[in-house]
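File shown: structure.json. Contents: JSON, C-alpha atoms.
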[["chain", "number", "residue", "atom", "x", "y", "z"],
["A", 1, "MET", "CA", 135.13, 198.35, 126.74],
["A", 2, "ASP", "CA", 135.87, 194.68, 127.31],
["A", 3, "THR", "CA", 135.70, 194.07, 123.58],
["A", 4, "ILE", "CA", 138.21, 196.86, 122.91],
["A", 5, "THR", "CA", 140.53, 195.51, 125.60],
["A", 6, "ARG", "CA", 140.41, 192.01, 124.13],
["A", 7, "LEU", "CA", 141.04, 193.39, 120.66],
["A", 8, "MET", "CA", 144.05, 195.40, 121.85],
["A", 9, "ALA", "CA", 145.35, 192.35, 123.66],
["A", 10, "GLN", "CA", 145.14, 190.34, 120.46],
["A", 11, "LEU", "CA", 146.92, 193.11, 118.58],
["A", 12, "GLY", "CA", 149.70, 192.97, 121.14],
["A", 13, "THR", "CA", 149.39, 196.53, 122.40],
["A", 14, "ALA", "CA", 147.96, 195.57, 125.77],
["A", 15, "ALA", "CA", 151.19, 193.72, 126.61],
["A", 16, "GLY", "CA", 153.39, 196.50, 125.35],
["A", 17, "GLY", "CA", 154.14, 194.78, 122.06],
["A", 18, "GLU", "CA", 154.13, 196.36, 118.68],
["A", 19, "ALA", "CA", 150.81, 196.35, 116.90],
["A", 20, "PRO", "CA", 150.90, 194.54, 113.55],
["A", 21, "ALA", "CA", 150.15, 196.41, 110.35],
["A", 22, "GLY", "CA", 146.58, 196.11, 109.09],
["A", 23, "ASP", "CA", 143.38, 194.97, 110.75],
["A", 24, "VAL", "CA", 143.00, 191.67, 112.58],
["A", 25, "GLU", "CA", 140.11, 189.58, 111.26],
["A", 26, "MET", "CA", 137.74, 188.56, 114.03],
["A", 27, "ARG", "CA", 134.66, 186.40, 113.93],
["A", 28, "ASP", "CA", 131.39, 188.02, 114.91],
["A", 29, "ASN", "CA", 128.65, 186.50, 117.03],
["A", 30, "SER", "CA", 126.07, 187.80, 114.54],
["A", 31, "GLU", "CA", 127.41, 185.44, 111.86],
["A", 32, "THR", "CA", 124.53, 183.40, 110.41],
["A", 33, "ILE", "CA", 124.42, 180.26, 108.28],
["A", 34, "HIS", "CA", 121.51, 180.19, 105.81],
["A", 35, "ILE", "CA", 120.45, 176.65, 104.88],
["A", 36, "SER", "CA", 118.28, 176.02, 101.81],
["A", 37, "SER", "CA", 115.20, 173.81, 102.00],
["A", 38, "LEU", "CA", 116.77, 171.27, 99.63],
["A", 39, "ALA", "CA", 119.88, 170.96, 101.80],
["A", 40, "LEU", "CA", 117.83, 170.62, 104.99],
["A", 41, "LEU", "CA", 115.58, 167.91, 103.51],
["A", 42, "LYS", "CA", 118.58, 165.95, 102.24],
["A", 43, "MET", "CA", 120.30, 166.15, 105.62],
["A", 44, "LEU", "CA", 117.19, 164.90, 107.44],
["A", 45, "LYS", "CA", 116.55, 162.14, 104.90],
["A", 46, "HIS", "CA", 120.18, 161.00, 105.06],
["A", 47, "GLY", "CA", 120.13, 161.08, 108.86],
["A", 48, "ARG", "CA", 116.91, 159.08, 109.14],
["A", 49, "ALA", "CA", 118.15, 156.50, 106.64],
["A", 50, "GLY", "CA", 121.19, 155.89, 108.83],
["A", 51, "VAL", "CA", 119.36, 155.48, 112.18],
["A", 52, "PRO", "CA", 120.61, 154.12, 114.59],
["A", 53, "LEU", "CA", 124.08, 154.85, 113.14],
["A", 54, "GLU", "CA", 125.59, 158.29, 112.62],
["A", 55, "VAL", "CA", 126.06, 159.59, 109.07],
["A", 56, "MET", "CA", 128.01, 162.50, 107.62],
["A", 57, "GLY", "CA", 128.32, 164.53, 104.43],
["A", 58, "LEU", "CA", 129.64, 167.71, 102.83],
["A", 59, "MET", "CA", 127.87, 171.07, 102.61],
["A", 60, "PHE", "CA", 128.27, 173.14, 99.44],
["A", 61, "GLY", "CA", 127.55, 176.84, 99.19],
["A", 62, "SER", "CA", 129.36, 180.14, 99.51],
["A", 63, "PHE", "CA", 130.71, 182.62, 102.03],
["A", 64, "GLU", "CA", 128.60, 185.64, 101.09],
["A", 65, "ASP", "CA", 130.29, 188.12, 103.41],
["A", 66, "GLU", "CA", 131.79, 188.31, 106.90],
["A", 67, "TYR", "CA", 128.41, 187.67, 108.50],
["A", 68, "THR", "CA", 126.66, 185.28, 106.09],
["A", 69, "ILE", "CA", 127.28, 181.70, 104.99],
["A", 70, "ARG", "CA", 124.90, 180.13, 102.50],
["A", 71, "VAL", "CA", 124.40, 176.36, 102.19],
["A", 72, "ILE", "CA", 122.79, 175.42, 98.86],
["A", 73, "ASP", "CA", 123.24, 171.66, 98.67],
["A", 74, "VAL", "CA", 124.68, 168.70, 100.57],
["A", 75, "PHE", "CA", 126.17, 165.35, 99.56],
["A", 76, "ALA", "CA", 126.88, 162.19, 101.51],
["A", 77, "MET", "CA", 130.52, 161.15, 101.77],
["A", 78, "PRO", "CA", 132.35, 157.84, 102.35],
["A", 79, "GLN", "CA", 132.30, 157.13, 106.05],
["A", 80, "THR", "CA", 132.47, 154.58, 108.82],
["A", 81, "GLY", "CA", 129.93, 155.14, 111.57],
["A", 82, "THR", "CA", 128.67, 153.69, 114.82],
["A", 83, "ALA", "CA", 125.79, 154.65, 117.10],
["A", 84, "VAL", "CA", 127.95, 157.29, 118.81],
["A", 85, "SER", "CA", 130.59, 158.37, 116.27],
["A", 86, "VAL", "CA", 131.25, 158.82, 112.55],
["A", 87, "GLU", "CA", 134.48, 159.31, 110.63],
["A", 88, "SER", "CA", 135.40, 159.92, 106.99],
["A", 89, "VAL", "CA", 137.30, 157.13, 105.25],
["A", 90, "ASP", "CA", 138.33, 159.03, 102.10],
["A", 91, "PRO", "CA", 140.50, 162.10, 102.81],
["A", 92, "VAL", "CA", 140.53, 163.25, 99.16],
["A", 93, "PHE", "CA", 136.77, 162.92, 98.58],
["A", 94, "GLN", "CA", 136.23, 166.65, 99.18],
["A", 95, "THR", "CA", 138.71, 167.62, 96.44],
["A", 96, "LYS", "CA", 137.31, 165.08, 93.97],
["A", 97, "MET", "CA", 133.72, 166.17, 94.62],
["A", 98, "THR", "CA", 134.57, 169.83, 94.10],
["A", 99, "GLU", "CA", 136.29, 169.06, 90.80],
["A", 100, "MET", "CA", 133.33, 167.01, 89.54],
["A", 101, "LEU", "CA", 130.88, 169.77, 90.47],
["A", 102, "LYS", "CA", 132.96, 172.33, 88.55],
["A", 103, "GLN", "CA", 132.73, 170.10, 85.48],
["A", 104, "THR", "CA", 128.92, 170.26, 85.70],
["A", 105, "GLY", "CA", 128.88, 174.04, 86.00],
["A", 106, "ARG", "CA", 128.43, 174.22, 89.78],
["A", 107, "VAL", "CA", 130.57, 177.00, 91.22],
["A", 108, "GLU", "CA", 129.83, 176.36, 94.89],
["A", 109, "SER", "CA", 132.63, 175.44, 97.25],
["A", 110, "VAL", "CA", 132.71, 173.35, 100.41],
["A", 111, "VAL", "CA", 131.56, 175.48, 103.37],
["A", 112, "GLY", "CA", 131.65, 172.71, 105.97],
["A", 113, "TRP", "CA", 130.24, 169.34, 106.85],
["A", 114, "TYR", "CA", 127.22, 167.86, 108.59],
["A", 115, "HIS", "CA", 126.58, 164.72, 110.59],
["A", 116, "SER", "CA", 123.76, 163.21, 112.61],
["A", 117, "HIS", "CA", 123.30, 162.54, 116.32],
["A", 118, "PRO", "CA", 120.31, 160.14, 116.31],
["A", 119, "GLY", "CA", 118.47, 160.73, 119.56],
["A", 120, "PHE", "CA", 121.07, 162.52, 121.69],
["A", 121, "GLY", "CA", 120.97, 166.20, 120.70],
["A", 122, "CYS", "CA", 123.27, 168.62, 118.93],
["A", 123, "TRP", "CA", 126.84, 169.05, 120.17],
["A", 124, "LEU", "CA", 130.38, 168.06, 119.15],
["A", 125, "SER", "CA", 132.28, 165.10, 120.56],
["A", 126, "ASN", "CA", 136.07, 165.00, 120.78],
["A", 127, "LEU", "CA", 136.20, 163.15, 117.44],
["A", 128, "ASP", "CA", 133.82, 165.72, 115.91],
["A", 129, "ILE", "CA", 136.05, 168.56, 117.15],
["A", 130, "HIS", "CA", 139.07, 166.87, 115.57],
["A", 131, "THR", "CA", 137.17, 166.49, 112.27],
["A", 132, "GLN", "CA", 136.02, 170.12, 112.40],
["A", 133, "ARG", "CA", 139.58, 171.35, 112.95],
["A", 134, "SER", "CA", 140.67, 169.47, 109.82],
["A", 135, "PHE", "CA", 137.98, 171.34, 107.84],
["A", 136, "GLU", "CA", 139.03, 174.66, 109.39],
["A", 137, "ARG", "CA", 142.59, 174.05, 108.23],
["A", 138, "LEU", "CA", 141.21, 174.07, 104.68],
["A", 139, "HIS", "CA", 139.05, 177.14, 105.35],
["A", 140, "PRO", "CA", 138.98, 179.00, 108.68],
["A", 141, "ARG", "CA", 135.23, 179.73, 108.38],
["A", 142, "ALA", "CA", 134.14, 176.11, 107.78],
["A", 143, "VAL", "CA", 131.05, 175.11, 109.79],
["A", 144, "ALA", "CA", 129.98, 171.84, 111.42],
["A", 145, "VAL", "CA", 126.22, 171.22, 111.36],
["A", 146, "VAL", "CA", 124.68, 168.59, 113.64],
["A", 147, "VAL", "CA", 121.13, 167.32, 113.07],
["A", 148, "ASP", "CA", 119.12, 164.96, 115.26],
["A", 149, "PRO", "CA", 116.79, 162.97, 112.96],
["A", 150, "LYS", "CA", 115.03, 161.14, 115.82],
["A", 151, "GLN", "CA", 114.10, 164.22, 117.87],
["A", 152, "SER", "CA", 113.12, 166.19, 114.75],
["A", 153, "VAL", "CA", 109.37, 166.16, 114.21],
["A", 154, "ARG", "CA", 107.07, 167.88, 111.74],
["A", 155, "GLY", "CA", 107.43, 171.64, 112.11],
["A", 156, "LYS", "CA", 110.51, 171.43, 114.33],
["A", 157, "VAL", "CA", 114.02, 170.44, 113.29],
["A", 158, "VAL", "CA", 116.61, 169.78, 116.00],
["A", 159, "ILE", "CA", 119.75, 171.21, 114.42],
["A", 160, "GLY", "CA", 122.85, 173.13, 115.47],
["A", 161, "ALA", "CA", 125.84, 174.79, 113.76],
["A", 162, "PHE", "CA", 129.25, 175.02, 115.42],
["A", 163, "ARG", "CA", 132.83, 176.16, 114.93],
["A", 164, "THR", "CA", 135.83, 175.53, 117.17],
["A", 165, "PHE", "CA", 137.70, 178.15, 119.17],
["A", 166, "PRO", "CA", 141.31, 178.83, 118.13],
["A", 167, "ASN", "CA", 143.84, 177.03, 120.31],
["A", 168, "GLU", "CA", 145.27, 180.29, 121.65],
["A", 169, "SER", "CA", 141.80, 181.41, 122.77],
["A", 170, "VAL", "CA", 141.21, 178.10, 124.57],
["A", 171, "GLN", "CA", 144.54, 178.41, 126.39],
["A", 172, "THR", "CA", 144.09, 182.06, 127.41],
["A", 173, "GLY", "CA", 140.33, 181.83, 128.04],
["A", 174, "ARG", "CA", 139.58, 184.88, 125.88],
["A", 175, "GLU", "CA", 136.48, 185.20, 123.73],
["A", 176, "PRO", "CA", 137.72, 185.22, 120.09],
["A", 177, "ARG", "CA", 134.57, 186.84, 118.70],
["A", 178, "GLN", "CA", 133.40, 190.40, 118.72],
["A", 179, "SER", "CA", 129.88, 191.16, 119.93],
["A", 180, "THR", "CA", 127.63, 193.33, 117.81],
["A", 181, "SER", "CA", 124.01, 192.26, 117.60],
["A", 182, "ASN", "CA", 121.98, 189.10, 117.47],
["A", 183, "VAL", "CA", 123.17, 187.04, 120.44],
["A", 184, "GLY", "CA", 119.50, 186.58, 121.27],
["A", 185, "HIS", "CA", 118.92, 184.75, 117.98],
["A", 186, "LEU", "CA", 121.02, 181.81, 119.16],
["A", 187, "GLY", "CA", 119.13, 178.85, 120.59],
["A", 188, "LYS", "CA", 119.47, 178.16, 124.29],
["A", 189, "PRO", "CA", 122.12, 175.44, 124.70],
["A", 190, "SER", "CA", 121.15, 172.19, 126.35],
["A", 191, "ILE", "CA", 122.78, 170.94, 129.56],
["A", 192, "ARG", "CA", 124.24, 168.02, 127.62],
["A", 193, "ALA", "CA", 125.86, 170.37, 125.07],
["A", 194, "LEU", "CA", 127.39, 172.46, 127.86],
["A", 195, "MET", "CA", 128.75, 169.28, 129.43],
["A", 196, "HIS", "CA", 130.40, 168.46, 126.09],
["A", 197, "ASN", "CA", 132.53, 171.65, 126.00],
["A", 198, "LEU", "CA", 130.11, 174.04, 124.26],
["A", 199, "ASN", "CA", 131.43, 177.62, 124.71],
["A", 200, "ARG", "CA", 134.75, 176.18, 125.91],
["A", 201, "ARG", "CA", 136.18, 174.38, 122.88],
["A", 202, "TYR", "CA", 133.59, 175.37, 120.26],
["A", 203, "TYR", "CA", 130.76, 177.88, 119.88],
["A", 204, "SER", "CA", 127.32, 177.95, 118.31],
["A", 205, "ILE", "CA", 126.35, 179.83, 115.15],
["A", 206, "ALA", "CA", 122.87, 181.17, 114.37],
["A", 207, "ILE", "CA", 120.91, 179.26, 111.71],
["A", 208, "ALA", "CA", 118.35, 180.67, 109.26],
["A", 209, "TYR", "CA", 116.43, 179.12, 106.36],
["A", 210, "ARG", "CA", 115.75, 180.44, 102.87],
["A", 211, "LYS", "CA", 113.21, 179.21, 100.33],
["A", 212, "THR", "CA", 113.18, 180.09, 96.64],
["A", 213, "ASP", "CA", 110.00, 179.91, 94.54],
["A", 214, "LEU", "CA", 111.01, 176.50, 93.19],
["A", 215, "GLU", "CA", 111.75, 175.18, 96.68],
["A", 216, "GLN", "CA", 108.41, 176.50, 97.91],
["A", 217, "SER", "CA", 106.65, 174.65, 95.09],
["A", 218, "MET", "CA", 108.66, 171.49, 95.87],
["A", 219, "LEU", "CA", 107.67, 171.61, 99.56],
["A", 220, "LEU", "CA", 103.98, 172.14, 98.75],
["A", 221, "ASN", "CA", 103.97, 169.06, 96.49],
["A", 222, "LEU", "CA", 106.18, 166.89, 98.73],
["A", 223, "HIS", "CA", 103.35, 164.87, 100.35],
["A", 224, "LYS", "CA", 100.61, 165.70, 97.87],
["A", 225, "THR", "CA", 98.36, 162.73, 97.19],
["A", 226, "ASN", "CA", 97.39, 161.97, 93.60],
["A", 227, "TRP", "CA", 93.69, 161.18, 93.01],
["A", 228, "THR", "CA", 94.60, 157.93, 91.25],
["A", 229, "GLU", "CA", 96.10, 156.57, 94.46],
["A", 230, "GLY", "CA", 92.56, 156.24, 95.84],
["A", 231, "LEU", "CA", 91.77, 153.66, 93.15],
["A", 232, "ALA", "CA", 94.79, 151.48, 93.87],
["A", 233, "LEU", "CA", 93.81, 147.93, 94.80],
["A", 234, "GLN", "CA", 94.68, 146.68, 98.26],
["A", 235, "ASP", "CA", 95.97, 143.21, 98.93],
["A", 236, "TRP", "CA", 92.92, 140.97, 99.38],
["A", 237, "GLU", "CA", 94.38, 139.02, 102.28],
["A", 238, "SER", "CA", 95.34, 142.15, 104.22],
["A", 239, "MET", "CA", 91.93, 143.67, 103.48],
["A", 240, "LYS", "CA", 90.25, 140.49, 104.76],
["A", 241, "VAL", "CA", 92.19, 140.71, 108.03],
["A", 242, "SER", "CA", 91.36, 144.42, 108.32],
["A", 243, "ASN", "CA", 87.64, 143.80, 107.73],
["A", 244, "GLU", "CA", 87.53, 141.03, 110.31],
["A", 245, "ALA", "CA", 89.18, 143.29, 112.89],
["A", 246, "SER", "CA", 86.74, 146.12, 112.03],
["A", 247, "ILE", "CA", 83.69, 143.81, 112.41],
["A", 248, "LYS", "CA", 84.91, 142.59, 115.80],
["A", 249, "SER", "CA", 85.37, 146.21, 116.92],
["A", 250, "MET", "CA", 81.90, 147.10, 115.60],
["A", 251, "LEU", "CA", 80.38, 144.23, 117.58],
["A", 252, "LEU", "CA", 82.13, 145.36, 120.75],
["A", 253, "PHE", "CA", 81.07, 149.00, 120.33],
["A", 254, "SER", "CA", 77.51, 147.95, 119.42],
["A", 255, "GLN", "CA", 77.19, 146.05, 122.69],
["A", 256, "THR", "CA", 78.69, 148.97, 124.60],
["A", 257, "TYR", "CA", 76.35, 151.42, 122.87],
["A", 258, "ALA", "CA", 73.29, 149.26, 123.64],
["A", 259, "THR", "CA", 74.26, 149.23, 127.30],
["A", 260, "SER", "CA", 74.82, 152.99, 127.19],
["A", 261, "VAL", "CA", 71.31, 153.59, 125.75],
["A", 262, "LYS", "CA", 69.72, 151.58, 128.57],
["A", 263, "GLU", "CA", 71.65, 153.60, 131.16],
["A", 264, "GLU", "CA", 70.44, 156.94, 129.74],
["A", 265, "ALA", "CA", 67.00, 156.45, 131.34],
["A", 266, "THR", "CA", 68.55, 156.38, 134.82],
["A", 267, "LEU", "CA", 70.79, 159.48, 134.45],
["A", 268, "THR", "CA", 69.99, 163.14, 135.10],
["A", 269, "PRO", "CA", 70.46, 165.78, 132.36],
["A", 270, "GLN", "CA", 73.64, 167.01, 134.09],
["A", 271, "GLN", "CA", 75.05, 163.49, 134.21],
["A", 272, "LEU", "CA", 74.26, 162.97, 130.53],
["A", 273, "LYS", "CA", 76.42, 165.97, 129.60],
["A", 274, "THR", "CA", 79.51, 164.60, 131.35],
["A", 275, "ARG", "CA", 79.04, 160.85, 130.97],
["A", 276, "HIS", "CA", 81.65, 160.46, 128.16],
["A", 277, "ILE", "CA", 84.28, 162.85, 129.54],
["A", 278, "GLY", "CA", 87.53, 160.89, 129.82],
["A", 279, "LYS", "CA", 85.87, 157.81, 128.29],
["A", 280, "GLN", "CA", 85.29, 156.37, 124.83],
["A", 281, "ASP", "CA", 82.09, 157.43, 123.11],
["A", 282, "PRO", "CA", 80.83, 154.12, 121.63],
["A", 283, "LYS", "CA", 78.41, 155.83, 119.22],
["A", 284, "ARG", "CA", 81.09, 158.05, 117.67],
["A", 285, "HIS", "CA", 83.60, 155.20, 117.34],
["A", 286, "LEU", "CA", 80.94, 152.93, 115.82],
["A", 287, "GLU", "CA", 80.11, 155.59, 113.20],
["A", 288, "GLU", "CA", 83.78, 156.04, 112.31],
["A", 289, "LEU", "CA", 84.36, 152.29, 111.92],
["A", 290, "VAL", "CA", 81.27, 151.85, 109.70],
["A", 291, "THR", "CA", 82.19, 154.83, 107.51],
["A", 292, "HIS", "CA", 85.80, 153.66, 107.11],
["A", 293, "ALA", "CA", 84.83, 150.04, 106.33],
["A", 294, "MET", "CA", 82.18, 151.06, 103.77],
["A", 295, "GLY", "CA", 84.57, 153.50, 102.09],
["A", 296, "ASP", "CA", 87.32, 150.89, 101.77],
["A", 297, "SER", "CA", 84.88, 148.33, 100.35],
["A", 298, "ILE", "CA", 83.47, 150.77, 97.77],
["A", 299, "LEU", "CA", 86.96, 151.86, 96.65],
["A", 300, "GLN", "CA", 88.12, 148.24, 96.39],
["A", 301, "SER", "CA", 85.06, 147.27, 94.31],
["A", 302, "LEU", "CA", 85.42, 150.32, 92.05],
["A", 303, "GLY", "CA", 89.13, 149.69, 91.58],
["A", 304, "THR", "CA", 88.45, 146.05, 90.69],
["A", 305, "MET", "CA", 85.85, 147.06, 88.11],
["A", 306, "LEU", "CA", 88.20, 149.57, 86.48],
["A", 307, "ALA", "CA", 91.02, 147.02, 86.46],
["A", 308, "CYS", "CA", 88.77, 144.50, 84.68],
["A", 309, "LEU", "CA", 87.71, 147.09, 82.08],
["A", 310, "ALA", "CA", 91.34, 148.08, 81.49],
["A", 311, "ARG", "CA", 92.16, 144.48, 80.56]]
Any chance you could give the structure as structure tokens?
Amino acid sequence: MDTITRLMAQLGTAAGGEAPAGDVEMRDNSETIHISSLALLKMLKHGRAGVPLEVMGLMFGSFEDEYTIRVIDVFAMPQTGTAVSVESVDPVFQTKMTEMLKQTGRVESVVGWYHSHPGFGCWLSNLDIHTQRSFERLHPRAVAVVVDPKQSVRGKVVIGAFRTFPNESVQTGREPRQSTSNVGHLGKPSIRALMHNLNRRYYSIAIAYRKTDLEQSMLLNLHKTNWTEGLALQDWESMKVSNEASIKSMLLFSQTYATSVKEEATLTPQQLKTRHIGKQDPKRHLEELVTHAMGDSILQSLGTMLACLAR
């Protein structure tokens, strides 16, 4: 009922005005932005390369329908950034980039922009809101994506997608979106985001990820180690320092293990079971150090032999 009342108020009938001809387009809270794996990786890589400064770029894709936005690729853009803000320095870069992509057969259009917040979460500052409004003047459904490269760890990406409220909605306090389904799919906003005008001057959009077969293959081979890397020669000086440190550690653990063996005769069977809980096990650490040192030495010797034969 509240949704119908708000809709009638926007049409002008609630105030006794004349309803305009045709339907009024309203955003829906079930709108979702689908980000490809390639775009997500490029955003994270760009963001981490810029730490501790903020970086920004353009998102290319398509508006599939009223509820779906697809991001296929992203590109960095000319910018001037600090640790707490970033701003574009080339106002015509978006138009030039779109024209160059069309010349290469890419038909995607700009669907929004992204920028990084290294270490302080996902939300929009006053400057970000101003930048987002400039994108929305070009297309009313443009999206601002914020990624935190410092808080993002393996298996979890700290990311958020936002769009500003229309000025008339901010002034009247009315919700400009219609409610249909997946409100529960939105991430719970942080206290810091709420303090920075989330749900007052801008709102959050649900994010989903899509992987094609090629992207799946790319991700599986991203950190794959080649067998030839095991035969690569290490720097002799660094290996010498590493071996000296390993031998000193072995000596320390050997002394600790010898003391531990002498103490075993004075302990009860129950005490023997719990003697290493919360402590270092000298025997296990000694075995790991010996295995690692012998493996490095064998690989270095084998790599040296192969290098001599190759000459």
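Closest approach to Ile205 (chain A) from the set A:Val111, A:Ala39, A:Ile298, A:Ala144 is made by A:Ala144, with distances taken over only C-alpha atoms.
If you count all atoms listed in the file and ignore residues fewer than 5 places along the chain from Ile159 (chain A), what sits within 7 Å of it is Cys122, Val146, Val147 and Asp148 of chain A.
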What are the closest atom pairs, with distances in Å to one decimal, for all residues of region 103-209 of chain A lying within 9 Å of region 33-36 of chain A? Consider only C-alpha atoms, order rows by chain and residue number, and present the result as a tab-separated table.
residue	atom	partner	partner_atom	distance
A:Val143	CA	A:Ile33	CA	8.5
A:Ala161	CA	A:Ile33	CA	7.9
A:Ile205	CA	A:Ile33	CA	7.1
A:Ala206	CA	A:Ile33	CA	6.3
A:Ile207	CA	A:Ile33	CA	5.0
A:Ala208	CA	A:His34	CA	4.7
A:Tyr209	CA	A:Ile35	CA	4.9
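Nearest to Leu198 (chain A) of all the residues A:Lys273, A:Arg163, A:His117, A:Arg210 is A:Arg163, counting all atoms listed in the file.
Note that CA of Asp90 (chain A) and CA of Val51 (chain A) are 21.8 Å apart.
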Worksheet item: What lies within 10 Å of region 282-296 of chain A using only C-alpha atoms, ignoring chain neighbours under 2 positions off, as JSON, numbers by chain?
Response: {"A": [230, 233, 234, 239, 242, 243, 246, 247, 249, 250, 251, 252, 253, 254, 255, 256, 257, 258, 259, 260, 261, 276, 279, 280, 298, 299, 300, 301, 302]}
Would you output that residue set with C-alpha atoms, as a CSV table (one decimal), in the frame of the given file?
chain,number,residue,atom,x,y,z
A,230,GLY,CA,92.6,156.2,95.8
A,233,LEU,CA,93.8,147.9,94.8
A,234,GLN,CA,94.7,146.7,98.3
A,239,MET,CA,91.9,143.7,103.5
A,242,SER,CA,91.4,144.4,108.3
A,243,ASN,CA,87.6,143.8,107.7
A,246,SER,CA,86.7,146.1,112.0
A,247,ILE,CA,83.7,143.8,112.4
A,249,SER,CA,85.4,146.2,116.9
A,250,MET,CA,81.9,147.1,115.6
A,251,LEU,CA,80.4,144.2,117.6
A,252,LEU,CA,82.1,145.4,120.8
A,253,PHE,CA,81.1,149.0,120.3
A,254,SER,CA,77.5,148.0,119.4
A,255,GLN,CA,77.2,146.0,122.7
A,256,THR,CA,78.7,149.0,124.6
A,257,TYR,CA,76.4,151.4,122.9
A,258,ALA,CA,73.3,149.3,123.6
A,259,THR,CA,74.3,149.2,127.3
A,260,SER,CA,74.8,153.0,127.2
A,261,VAL,CA,71.3,153.6,125.8
A,276,HIS,CA,81.6,160.5,128.2
A,279,LYS,CA,85.9,157.8,128.3
A,280,GLN,CA,85.3,156.4,124.8
A,298,ILE,CA,83.5,150.8,97.8
A,299,LEU,CA,87.0,151.9,96.6
A,300,GLN,CA,88.1,148.2,96.4
A,301,SER,CA,85.1,147.3,94.3
A,302,LEU,CA,85.4,150.3,92.0
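Closest to Pro118 (chain A) among A:Pro140, A:Arg48, A:Val153, A:Glu87 is A:Arg48, based on only C-alpha atoms.
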Practice prompt. In Å, rounded to a single decimal, give me how far CA of Lys150 (chain A) is from CA of Glu31 (chain A).
Written response: 27.6 Å
Item to complete: Would you work out the distance separating CA of His130 (chain A) from CA of Glu66 (chain A), expressed in Å to one decimal?
Response: 24.2 Å
Discussion item. Give me, as number ranges by chain, all polymer residues having an atom no more than 9 Å from Ile129 (chain A), counting only C-alpha atoms and skipping those fewer than 2 positions away in the same chain.
Written reply: A: 124-127, 131-134, 144, 163-164, 201-202
Residue list as a short mmCIF file (atom, residue, chain, number, x, y, z; two decimals) with C-alpha atoms, in the coordinates of the input for point (117.4, 180.0, 95.3), cut-off 9 Å, all atoms listed in the file:
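File selection00.cif, as written:
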data_model
loop_
_atom_site.label_atom_id
_atom_site.label_comp_id
_atom_site.auth_asym_id
_atom_site.auth_seq_id
_atom_site.Cartn_x
_atom_site.Cartn_y
_atom_site.Cartn_z
CA SER A 36 118.28 176.02 101.81
CA ILE A 72 122.79 175.42 98.86
CA ARG A 210 115.75 180.44 102.87
CA LYS A 211 113.21 179.21 100.33
CA THR A 212 113.18 180.09 96.64
CA ASP A 213 110.00 179.91 94.54
CA LEU A 214 111.01 176.50 93.19
CA GLU A 215 111.75 175.18 96.68
#
